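Source file: target-v6.csv. Holds: CSV, C-alpha atoms and all ligand atoms.
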```
chain,number,residue,atom,x,y,z
A,1,MET,CA,109.3,97.1,78.8
A,2,ASN,CA,106.4,97.6,81.2
A,3,TYR,CA,105.5,101.2,81.7
A,4,VAL,CA,103.6,102.6,84.7
A,5,ILE,CA,102.4,106.2,84.1
A,6,GLY,CA,102.0,108.2,87.3
A,7,SER,CA,103.6,108.0,90.7
A,8,GLY,CA,100.6,108.3,92.9
A,9,PRO,CA,99.3,105.5,95.1
A,10,ALA,CA,97.9,103.5,92.1
A,11,GLY,CA,101.2,103.9,90.2
A,12,VAL,CA,103.6,102.9,93.0
A,13,ALA,CA,101.3,99.9,93.9
A,14,ALA,CA,101.3,98.7,90.3
A,15,ALA,CA,105.1,99.2,90.1
A,16,THR,CA,105.7,97.3,93.4
A,17,ALA,CA,103.6,94.4,92.2
A,18,LEU,CA,105.5,94.2,88.9
A,19,LEU,CA,108.9,94.4,90.6
A,20,ASP,CA,107.9,91.7,93.1
A,21,ALA,CA,107.0,89.5,90.2
A,22,GLY,CA,110.5,90.1,88.8
A,23,ARG,CA,109.3,92.4,85.9
A,24,PRO,CA,111.3,95.5,84.9
A,25,VAL,CA,109.4,98.8,85.2
A,26,THR,CA,109.8,102.2,83.8
A,27,MET,CA,107.7,104.9,85.5
A,28,LEU,CA,106.8,108.0,83.5
A,29,ASP,CA,105.6,110.9,85.5
A,30,ALA,CA,104.7,114.5,84.8
A,31,GLY,CA,104.8,115.3,88.5
A,32,GLY,CA,106.9,118.1,90.0
A,33,GLU,CA,108.6,118.3,93.4
A,34,LEU,CA,108.4,120.6,96.4
A,35,GLU,CA,110.5,123.8,95.9
A,36,ALA,CA,114.1,123.1,97.1
A,37,PRO,CA,114.2,126.0,99.7
A,38,ILE,CA,110.9,124.8,101.3
A,39,ASP,CA,112.2,121.2,101.3
A,40,ALA,CA,115.4,122.3,103.0
A,41,ARG,CA,113.5,124.1,105.7
A,42,VAL,CA,111.3,121.1,106.4
A,43,GLU,CA,114.3,118.8,106.4
A,44,ALA,CA,116.0,121.1,109.0
A,45,LEU,CA,112.9,121.2,111.2
A,46,SER,CA,112.4,117.4,111.0
A,47,LYS,CA,115.7,117.0,112.9
A,48,ARG,CA,114.3,118.8,115.9
A,49,LEU,CA,111.3,118.2,118.1
A,50,PRO,CA,108.4,120.7,117.8
A,51,ASP,CA,109.2,122.3,121.2
A,52,GLU,CA,112.5,123.4,119.8
A,53,TRP,CA,110.9,125.2,116.8
A,54,THR,CA,110.4,129.0,117.0
A,55,THR,CA,107.0,130.5,116.3
A,56,ALA,CA,108.4,132.0,113.1
A,57,GLU,CA,109.6,128.5,112.0
A,58,ARG,CA,106.2,127.0,112.7
A,59,ASP,CA,104.5,129.8,110.8
A,60,ALA,CA,106.8,129.3,107.8
A,61,LEU,CA,106.0,125.6,107.8
A,62,ARG,CA,102.3,126.5,107.4
A,63,GLY,CA,102.8,129.1,104.7
A,64,PRO,CA,100.0,131.5,103.7
A,65,LEU,CA,96.4,130.5,103.4
A,66,ARG,CA,95.3,130.1,99.8
A,67,TYR,CA,91.8,129.6,98.4
A,68,ASN,CA,90.4,127.6,95.4
A,69,SER,CA,88.2,129.1,92.7
A,70,GLU,CA,85.1,128.5,94.9
A,71,GLY,CA,86.6,130.3,97.9
A,72,ALA,CA,87.3,127.2,99.9
A,73,PRO,CA,90.8,126.9,101.5
A,74,LEU,CA,93.2,125.0,99.3
A,75,LYS,CA,95.1,122.1,100.7
A,76,LEU,CA,98.8,122.9,100.3
A,77,LEU,CA,102.0,121.1,101.2
A,78,PHE,CA,104.1,123.2,103.6
A,79,GLY,CA,102.5,126.3,102.0
A,80,SER,CA,103.3,125.3,98.4
A,81,ASP,CA,100.8,124.8,95.6
A,82,TYR,CA,103.3,122.9,93.4
A,83,VAL,CA,101.0,119.8,93.3
A,84,TYR,CA,98.4,121.7,91.3
A,85,ARG,CA,100.8,123.8,89.2
A,86,ASP,CA,100.3,123.8,85.4
A,87,VAL,CA,97.6,121.1,85.7
A,88,ASP,CA,95.1,123.0,83.5
A,89,ALA,CA,97.7,124.2,81.0
A,90,LEU,CA,99.4,120.8,80.5
A,91,GLN,CA,96.3,118.6,80.7
A,92,PRO,CA,93.1,120.5,80.0
A,93,VAL,CA,90.0,118.6,80.9
A,94,VAL,CA,86.5,120.0,80.5
A,95,THR,CA,84.3,119.1,83.4
A,96,GLU,CA,80.8,120.0,84.6
A,97,GLY,CA,79.8,119.6,88.2
A,98,VAL,CA,82.9,117.7,89.0
A,99,ASP,CA,85.3,119.1,91.6
A,100,ALA,CA,87.9,116.3,91.8
A,101,TYR,CA,91.4,117.5,92.5
A,102,ARG,CA,94.1,116.8,90.0
A,103,ALA,CA,97.8,116.5,90.8
A,104,LEU,CA,101.0,116.8,88.8
A,105,ALA,CA,103.4,115.7,91.6
A,106,ALA,CA,105.8,113.0,92.4
A,107,GLY,CA,103.6,110.9,94.8
A,108,GLY,CA,100.4,112.4,93.3
A,109,LEU,CA,97.7,113.7,95.6
A,110,SER,CA,99.0,111.4,98.4
A,111,VAL,CA,101.6,114.1,99.3
A,112,LEU,CA,98.7,116.1,100.8
A,113,TRP,CA,96.0,113.6,101.5
A,114,GLY,CA,94.3,113.0,104.9
A,115,ALA,CA,95.7,109.4,105.1
A,116,ALA,CA,92.2,108.0,106.2
A,117,ILE,CA,91.9,104.4,104.9
A,118,LEU,CA,89.2,101.8,105.1
A,119,PRO,CA,88.3,98.8,103.0
A,120,TYR,CA,85.0,98.9,101.2
A,121,ALA,CA,82.0,97.2,102.8
A,122,ASP,CA,80.5,94.2,101.0
A,123,ALA,CA,77.6,96.3,99.8
A,124,ASP,CA,80.1,98.6,98.0
A,125,PHE,CA,81.2,95.8,95.7
A,126,ASP,CA,77.7,95.3,94.4
A,127,GLU,CA,77.9,95.4,90.6
A,128,TRP,CA,81.7,95.1,90.6
A,129,PRO,CA,83.5,92.1,89.0
A,130,VAL,CA,85.3,91.4,92.3
A,131,THR,CA,84.1,90.6,95.8
A,132,ALA,CA,85.3,91.9,99.2
A,133,ALA,CA,86.9,88.5,99.9
A,134,GLU,CA,88.9,88.5,96.7
A,135,MET,CA,90.2,91.9,97.6
A,136,HIS,CA,91.8,90.7,100.8
A,137,ARG,CA,95.3,89.9,99.4
A,138,HIS,CA,95.3,93.2,97.5
A,139,TYR,CA,94.4,95.1,100.7
A,140,VAL,CA,97.3,93.4,102.4
A,141,SER,CA,99.7,94.4,99.6
A,142,ALA,CA,98.5,98.0,99.8
A,143,LEU,CA,98.7,98.1,103.6
A,144,ARG,CA,102.3,96.8,103.5
A,145,LEU,CA,103.2,100.0,101.5
A,146,THR,CA,101.1,102.5,103.5
A,147,GLY,CA,101.4,101.2,107.1
A,148,LEU,CA,98.3,101.1,109.3
A,149,ALA,CA,97.4,102.8,112.5
A,150,ALA,CA,94.2,101.2,113.7
A,151,ALA,CA,92.4,99.5,116.5
A,152,GLU,CA,90.7,96.1,116.5
A,153,ASP,CA,87.4,97.6,117.6
A,154,GLY,CA,83.7,97.3,116.7
A,155,LEU,CA,84.4,98.4,113.1
A,156,ALA,CA,86.6,95.5,112.4
A,157,ARG,CA,83.6,93.1,112.2
A,158,LEU,CA,82.3,95.0,109.2
A,159,TYR,CA,85.6,96.4,107.8
A,160,PRO,CA,88.4,93.9,108.5
A,161,LEU,CA,91.8,95.3,109.4
A,162,HIS,CA,93.3,92.8,106.9
A,163,MET,CA,96.6,92.9,108.8
A,164,PRO,CA,97.8,93.8,112.3
A,165,PRO,CA,98.4,97.5,112.8
A,166,THR,CA,102.0,98.7,112.2
A,167,ALA,CA,101.7,102.0,114.1
A,168,THR,CA,99.7,103.6,116.9
A,169,VAL,CA,98.5,107.1,117.2
A,170,GLU,CA,96.9,108.7,120.3
A,171,THR,CA,93.3,109.6,120.1
A,172,SER,CA,92.4,113.0,121.4
A,173,ALA,CA,90.5,113.6,124.6
A,174,GLN,CA,87.5,114.9,122.7
A,175,ALA,CA,87.5,111.9,120.4
A,176,ARG,CA,87.8,109.6,123.4
A,177,ALA,CA,84.8,111.3,125.1
A,178,VAL,CA,82.8,110.9,121.9
A,179,LEU,CA,83.8,107.2,121.5
A,180,SER,CA,82.9,106.5,125.1
A,181,ARG,CA,79.4,108.1,124.7
A,182,MET,CA,78.8,106.2,121.5
A,183,THR,CA,80.0,102.9,123.2
A,184,GLU,CA,77.4,103.5,125.9
A,185,HIS,CA,74.7,103.8,123.2
A,186,ALA,CA,76.2,101.2,120.8
A,187,ASP,CA,73.1,99.0,120.7
A,188,ALA,CA,70.8,102.0,119.9
A,189,LEU,CA,73.2,103.2,117.2
A,190,ARG,CA,73.4,99.7,115.7
A,191,GLN,CA,69.7,99.6,115.4
A,192,ARG,CA,69.9,102.8,113.4
A,193,HIS,CA,72.7,101.1,111.2
A,194,VAL,CA,75.4,103.4,112.6
A,195,TYR,CA,78.8,101.9,113.4
A,196,PHE,CA,81.9,103.6,114.7
A,197,GLY,CA,85.4,103.1,115.7
A,198,LYS,CA,88.8,104.8,115.9
A,199,ALA,CA,90.0,106.3,112.6
A,200,ARG,CA,92.3,104.1,110.5
A,201,LEU,CA,95.3,106.0,109.1
A,202,ALA,CA,98.0,105.3,106.6
A,203,PHE,CA,100.9,105.8,109.0
A,204,GLY,CA,104.3,104.6,109.7
A,205,GLN,CA,107.6,103.6,108.2
A,206,PRO,CA,108.9,107.2,108.3
A,207,PRO,CA,112.3,108.0,106.6
A,208,GLY,CA,113.8,110.0,109.5
A,209,ASP,CA,114.8,109.4,113.1
A,210,ILE,CA,111.5,110.3,114.7
A,211,ARG,CA,109.4,107.2,114.4
A,212,SER,CA,106.1,108.1,116.1
A,213,CYS,CA,103.8,111.0,116.2
A,214,VAL,CA,104.9,113.9,118.4
A,215,HIS,CA,101.5,115.6,118.2
A,216,CYS,CA,102.8,118.8,116.7
A,217,GLY,CA,99.3,119.4,115.2
A,218,MET,CA,100.7,120.3,111.7
A,219,CYS,CA,99.2,117.3,109.8
A,220,LEU,CA,97.0,119.5,107.5
A,221,TYR,CA,100.1,121.4,106.3
A,222,GLY,CA,102.3,118.4,105.9
A,223,CYS,CA,104.1,116.1,108.4
A,224,PRO,CA,107.7,117.4,108.7
A,225,TYR,CA,108.7,113.9,110.0
A,226,GLY,CA,107.2,112.0,107.1
A,227,LEU,CA,105.0,109.9,109.3
A,228,ILE,CA,101.9,110.4,107.1
A,229,TYR,CA,102.2,107.9,104.2
A,230,SER,CA,102.8,109.3,100.8
A,231,ALA,CA,103.4,107.4,97.6
A,232,ARG,CA,106.5,109.5,97.1
A,233,THR,CA,108.0,107.7,100.1
A,234,THR,CA,107.5,104.3,98.3
A,235,LEU,CA,109.0,105.8,95.2
A,236,LEU,CA,112.1,107.1,96.9
A,237,GLN,CA,112.6,104.5,99.7
A,238,ARG,CA,111.7,101.4,97.8
A,239,LEU,CA,111.2,101.6,94.0
A,240,VAL,CA,114.3,103.6,93.0
A,241,ARG,CA,116.4,101.2,94.9
A,242,SER,CA,115.5,98.3,92.6
A,243,GLU,CA,117.8,97.6,89.7
A,244,LEU,CA,114.7,96.7,87.6
A,245,PHE,CA,113.2,100.1,88.1
A,246,ARG,CA,113.7,103.4,86.2
A,247,TYR,CA,111.9,106.7,87.1
A,248,VAL,CA,111.5,109.2,84.3
A,249,PRO,CA,110.1,112.5,85.6
A,250,GLY,CA,109.0,115.4,83.4
A,251,VAL,CA,107.0,113.4,80.8
A,252,VAL,CA,103.4,114.4,80.1
A,253,VAL,CA,101.6,111.5,78.5
A,254,ARG,CA,98.8,112.3,76.0
A,255,THR,CA,97.8,109.1,74.2
A,256,LEU,CA,98.3,105.4,74.1
A,257,THR,CA,98.0,103.3,70.9
A,258,GLU,CA,97.7,99.6,71.0
A,259,GLU,CA,98.8,97.6,67.9
A,260,GLN,CA,100.0,94.1,67.4
A,261,GLY,CA,100.6,93.4,71.1
A,262,ARG,CA,102.6,96.6,71.6
A,263,VAL,CA,101.7,100.0,73.0
A,264,THR,CA,103.0,103.3,71.7
A,265,ILE,CA,103.0,106.1,74.3
A,266,GLU,CA,102.9,109.6,73.0
A,267,GLY,CA,103.4,112.8,75.0
A,268,PHE,CA,105.8,115.7,75.5
A,269,SER,CA,108.5,116.9,77.9
A,270,ARG,CA,107.1,119.1,80.7
A,271,GLY,CA,110.2,121.2,80.6
A,272,THR,CA,110.8,121.8,76.9
A,273,GLY,CA,107.5,120.8,75.2
A,274,GLN,CA,109.5,118.4,72.9
A,275,PRO,CA,107.4,115.5,71.7
A,276,GLN,CA,108.1,112.1,73.2
A,277,ARG,CA,107.3,108.7,71.8
A,278,LEU,CA,108.0,105.4,73.5
A,279,ASP,CA,107.2,101.8,72.7
A,280,GLY,CA,106.2,99.2,75.4
A,281,THR,CA,104.7,95.8,75.9
A,282,ARG,CA,102.4,96.7,78.7
A,283,VAL,CA,101.2,100.1,80.1
A,284,TYR,CA,99.6,100.7,83.5
A,285,LEU,CA,97.8,104.0,83.4
A,286,ALA,CA,97.7,105.5,86.9
A,287,THR,CA,97.4,109.3,86.3
A,288,GLY,CA,94.3,109.8,88.6
A,289,PRO,CA,90.7,109.4,87.6
A,290,LEU,CA,90.3,112.6,85.4
A,291,ALA,CA,93.6,112.5,83.7
A,292,SER,CA,93.4,108.7,83.0
A,293,THR,CA,89.9,109.2,81.5
A,294,ALA,CA,91.2,112.1,79.4
A,295,ILE,CA,94.2,110.1,78.1
A,296,LEU,CA,91.9,107.1,77.2
A,297,LEU,CA,89.4,109.4,75.4
A,298,ALA,CA,92.2,111.1,73.5
A,299,SER,CA,93.6,107.7,72.6
A,300,LEU,CA,90.3,106.4,71.3
A,301,ARG,CA,90.3,109.3,68.9
A,302,GLU,CA,86.6,109.1,68.6
A,303,ASP,CA,84.0,111.6,69.8
A,304,ALA,CA,82.9,109.6,72.8
A,305,GLY,CA,80.7,112.4,74.0
A,306,ALA,CA,80.3,113.2,77.6
A,307,VAL,CA,81.6,110.7,80.2
A,308,THR,CA,79.8,110.4,83.5
A,309,PHE,CA,82.1,110.6,86.4
A,310,ALA,CA,81.1,108.7,89.5
A,311,GLN,CA,82.4,110.5,92.5
A,312,SER,CA,81.7,110.4,96.2
A,313,ASP,CA,80.5,113.8,97.3
A,314,HIS,CA,81.8,115.0,100.6
A,315,PHE,CA,80.7,117.5,103.1
A,316,LEU,CA,82.0,119.1,106.2
A,317,LEU,CA,79.8,118.3,109.2
A,318,PRO,CA,80.7,120.3,112.3
A,319,LEU,CA,79.9,118.6,115.6
A,320,ARG,CA,79.9,120.4,118.9
A,321,LEU,CA,80.3,118.7,122.3
A,322,ARG,CA,78.0,120.2,125.0
A,323,GLN,CA,80.5,119.2,127.7
A,324,PRO,CA,84.0,119.1,126.2
A,325,PRO,CA,86.7,117.5,128.2
A,326,ARG,CA,88.8,119.8,130.3
A,327,GLY,CA,91.9,121.3,128.6
A,328,ALA,CA,90.8,120.2,125.1
A,329,ASP,CA,91.8,123.5,123.7
A,330,ARG,CA,95.4,123.1,125.0
A,331,GLU,CA,95.8,119.5,124.1
A,332,ARG,CA,98.7,118.4,121.9
A,333,LEU,CA,97.2,116.2,119.2
A,334,HIS,CA,97.4,115.1,115.6
A,335,THR,CA,94.9,116.8,113.3
A,336,LEU,CA,94.0,113.9,111.0
A,337,SER,CA,90.8,112.0,111.3
A,338,GLN,CA,90.1,110.7,114.9
A,339,ILE,CA,86.9,108.7,114.6
A,340,PHE,CA,85.2,106.9,111.7
A,341,LEU,CA,81.4,106.7,111.7
A,342,GLU,CA,79.8,104.4,109.1
A,343,ILE,CA,76.2,104.5,108.2
A,344,LEU,CA,75.0,101.3,106.5
A,345,ASP,CA,71.3,102.0,106.1
A,346,PRO,CA,69.7,101.1,102.8
A,347,GLU,CA,67.2,103.8,103.4
A,348,VAL,CA,69.9,106.4,103.4
A,349,SER,CA,72.0,104.9,100.6
A,350,ARG,CA,72.6,101.5,99.1
A,351,ARG,CA,76.3,102.2,99.5
A,352,GLY,CA,78.0,102.7,102.8
A,353,VAL,CA,78.3,106.3,104.0
A,354,HIS,CA,81.6,107.2,105.6
A,355,LEU,CA,82.1,110.1,108.0
A,401,LIG,C1,93.1,117.2,100.1
A,401,LIG,C2,92.9,115.7,99.8
A,401,LIG,C3,92.7,114.8,100.9
A,401,LIG,C4,92.5,113.5,100.6
A,401,LIG,N1,92.3,112.6,101.7
A,401,LIG,C5,92.2,111.3,101.4
A,401,LIG,C6,92.0,110.4,102.5
A,401,LIG,O1,92.1,110.8,103.7
A,401,LIG,N2,91.9,109.1,102.2
A,401,LIG,C7,91.8,108.6,100.9
A,401,LIG,O2,91.6,107.4,100.7
A,401,LIG,N3,91.9,109.5,99.9
A,401,LIG,C8,92.1,110.8,100.1
A,401,LIG,N4,92.3,111.6,99.0
A,401,LIG,C9,92.2,111.1,97.7
A,401,LIG,C10,93.5,110.4,97.3
A,401,LIG,O3,94.6,111.3,97.6
A,401,LIG,C11,93.5,110.0,95.9
A,401,LIG,O4,92.4,109.1,95.7
A,401,LIG,C12,94.7,109.2,95.4
A,401,LIG,O5,95.9,110.0,95.6
A,401,LIG,C13,94.6,108.8,94.0
A,401,LIG,O6,95.7,108.1,93.6
A,401,LIG,P1,96.1,107.9,92.1
A,401,LIG,O7,97.5,107.2,92.1
A,401,LIG,O8,95.0,107.3,91.4
A,401,LIG,O9,96.3,109.3,91.4
A,401,LIG,P2,97.1,110.6,91.9
A,401,LIG,O10,97.4,110.6,93.4
A,401,LIG,O11,96.3,111.8,91.4
A,401,LIG,O12,98.4,110.5,91.1
A,401,LIG,C14,98.5,110.8,89.7
A,401,LIG,C15,99.9,110.7,89.2
A,401,LIG,O13,99.9,110.8,87.8
A,401,LIG,C16,100.8,111.8,87.4
A,401,LIG,N5,100.2,112.3,86.1
A,401,LIG,C17,99.0,112.9,86.0
A,401,LIG,N6,98.8,113.2,84.7
A,401,LIG,C18,99.9,112.7,84.0
A,401,LIG,C19,100.2,112.7,82.6
A,401,LIG,N7,99.4,113.1,81.6
A,401,LIG,N8,101.4,112.1,82.2
A,401,LIG,C20,102.2,111.6,83.2
A,401,LIG,N9,102.0,111.6,84.5
A,401,LIG,C21,100.8,112.1,84.9
A,401,LIG,C22,100.9,112.8,88.5
A,401,LIG,O14,102.1,113.5,88.5
A,401,LIG,C23,100.8,111.8,89.7
A,401,LIG,O15,102.1,111.3,90.0
A,401,LIG,C24,92.5,113.0,99.3
A,401,LIG,C25,92.7,113.9,98.2
A,401,LIG,C26,92.9,115.2,98.5
A,401,LIG,C27,93.1,116.2,97.3
A,402,LIG,S1,100.9,115.6,114.6
A,402,LIG,FE1,100.7,115.2,112.4
A,402,LIG,S2,102.4,116.4,111.5
A,402,LIG,FE2,102.8,116.2,113.8
A,402,LIG,S3,104.2,114.4,113.9
A,402,LIG,FE3,102.1,113.7,114.2
A,402,LIG,S4,101.5,113.1,112.1
A,402,LIG,FE4,103.2,114.4,111.9
```
Hey, can you dump this file as structure tokens for me?
Amino acid sequence: MNYVIGSGPAGVAAATALLDAGRPVTMLDAGGELEAPIDARVEALSKRLPDEWTTAERDALRGPLRYNSEGAPLKLLFGSDYVYRDVDALQPVVTEGVDAYRALAAGGLSVLWGAAILPYADADFDEWPVTAAEMHRHYVSALRLTGLAAAEDGLARLYPLHMPPTATVETSAQARAVLSRMTEHADALRQRHVYFGKARLAFGQPPGDIRSCVHCGMCLYGCPYGLIYSARTTLLQRLVRSELFRYVPGVVVRTLTEEQGRVTIEGFSRGTGQPQRLDGTRVYLATGPLASTAILLASLREDAGAVTFAQSDHFLLPLRLRQPPRGADRERLHTLSQIFLEILDPEVSRRGVHL
């Protein structure tokens, strides 16, 4: 049996590829689900257009504001923190100076991500055993799952779309104004190694009746219409429909042991704490970067010492328009990324910088 551990983007992509190759897959996942009453509330609202929601219903969808240990607002799904629940207790990881989120959720962190997607630039593959060109078919496979809202604009020369867009989303008036100014100055920007274009979003193939964005502005709390891609959609809409696929939730994997061509998976039940032991031919570990590293280190059963974690630091960079377009404060819009700015300047970084 082939086991895939984790149901985030990496796990569902691995499972899809195996099923497409005719291989049976069992997916083990420690992830929880959104609380049933919240799920029912979202389901009810998804059947109506935002103009038909009351203020109380809209507020309930947002939920209360919560903060992380550093005082920054915590990204929640429809007001629920279920994605992060029990993470430290069930899977303790000691980190220093690393602030990566960890999820225990069906669909992983993609249930609350920003859906901004872009292939890596050629320079980013420097020192990797694959090239940008070799990645093309894998990008296509991934995009078939996620959907793609994008424009064939100036960015496409450096970052190919890899497939035609499957969805369109409106760009806001402010973003259009900024793009138009930047287009006027494109040559000067290029000389400074700055490239720009419309944001690319993992968007489309929603499960409900509403098939395109209605600009309700709720993206950062969760899309009630399921338009923003989540790996949970692939799990429920695609994987569980295959006869070759079995989803086993509630299993926390601790170690993997490889012996004579077989792999033993050890862990415990999230609900009861009962030990679990499974035997497989192949295991695809897709529990997110920190948990996957922790599982591998525990499996090696050696004191490997500290592991350096390569992460992309990110910052919030507020921009202010001196002359905002009229009515921008009343515009109905989506609240995901609107514009991508890419800095490919070796003097700034030998990797691409994505804004
Ligand atoms: C707020 C936020 C916004 C983001 N926005 C973007 C964005 O716009 N664009 C972008 O590209 N990326 C974004 N990301 C990052 C992106 O969500 C992650 O890179 C992506 O989800 C990682 O996928 P993964 O499958 O590797 O792991 P995860 O999504 O973390 O999934 C891990 C899976 O493993 C399971 N699991 C974990 N531990 C165990 C265990 N011990 N046993 C069994 N199962 C286990 C979990 O339940 C889960 O199903 C964002 C992340 C956050 C938090
Ligand atoms: S604005 Fe965001 S939350 Fe609203 S329909 Fe569009 S994608 Fe979904």
*How would you write, as a list in words, the set of residues no farther than 9 Å from ligand LIG 402 (chain A) when counting all atoms listed in the file?*
Pro50, Val169, Phe203, Ile210, Arg211, Ser212, Cys213, Val214, His215, Cys216, Gly217, Met218, Cys219, Leu220, Tyr221, Gly222, Cys223, Pro224, Tyr225, Gly226, Leu227, Ile228, Arg332, Leu333, His334, Thr335 and Leu336 of chain A
*Residues within 7 Å of ligand LIG 401 (chain A) should be enumerated using all atoms listed in the file and returned as an MDAnalysis selection string.*
chainID A and resid 5:11 28:32 75 91 101:110 112:117 251:254 286:289 291 295
*Considering all atoms listed in the file, state which residue in the set A:Val353, A:Ala167, A:Leu158, A:Leu319 is at the smallest distance from Ala121 (chain A).*
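Closest residue, counting all atoms listed in the file: A:Leu158.
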*What is the CA of Arg190 (chain A) to CA of Arg322 (chain A) distance in Å?*
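That distance, rounded to one decimal, is 23.0 Å.
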*Which residue gives the smallest distance to Val248 (chain A) among A:Thr264, A:Asp88, A:Ser299, A:Leu278, with all atoms listed in the file counted?*
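The closest residue to Val248 (chain A) is A:Leu278.
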*Selected residue of minimal separation from Ser312 (chain A) among A:Pro206, A:Leu45, A:Val98, A:Gln276, counting only C-alpha atoms*: A:Val98
*Of the candidates A:Asp81, A:Glu243, A:Glu266, A:Glu331, which one gets nearest to Gly22 (chain A) if we count only C-alpha atoms?*
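Selected residue with least distance to Gly22 (chain A): A:Glu243.
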*Rank nothing, just name the residue among A:Val263, A:Ala17, A:Leu155, A:Leu143 nearest to Phe245 (chain A), using only C-alpha atoms.*
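Using only C-alpha atoms, Phe245 (chain A) sits closest to A:Ala17.
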*Please, what distance in Å, to one decimal, runs between CA of Val87 (chain A) and CA of Tyr229 (chain A)?*
23.2 Å
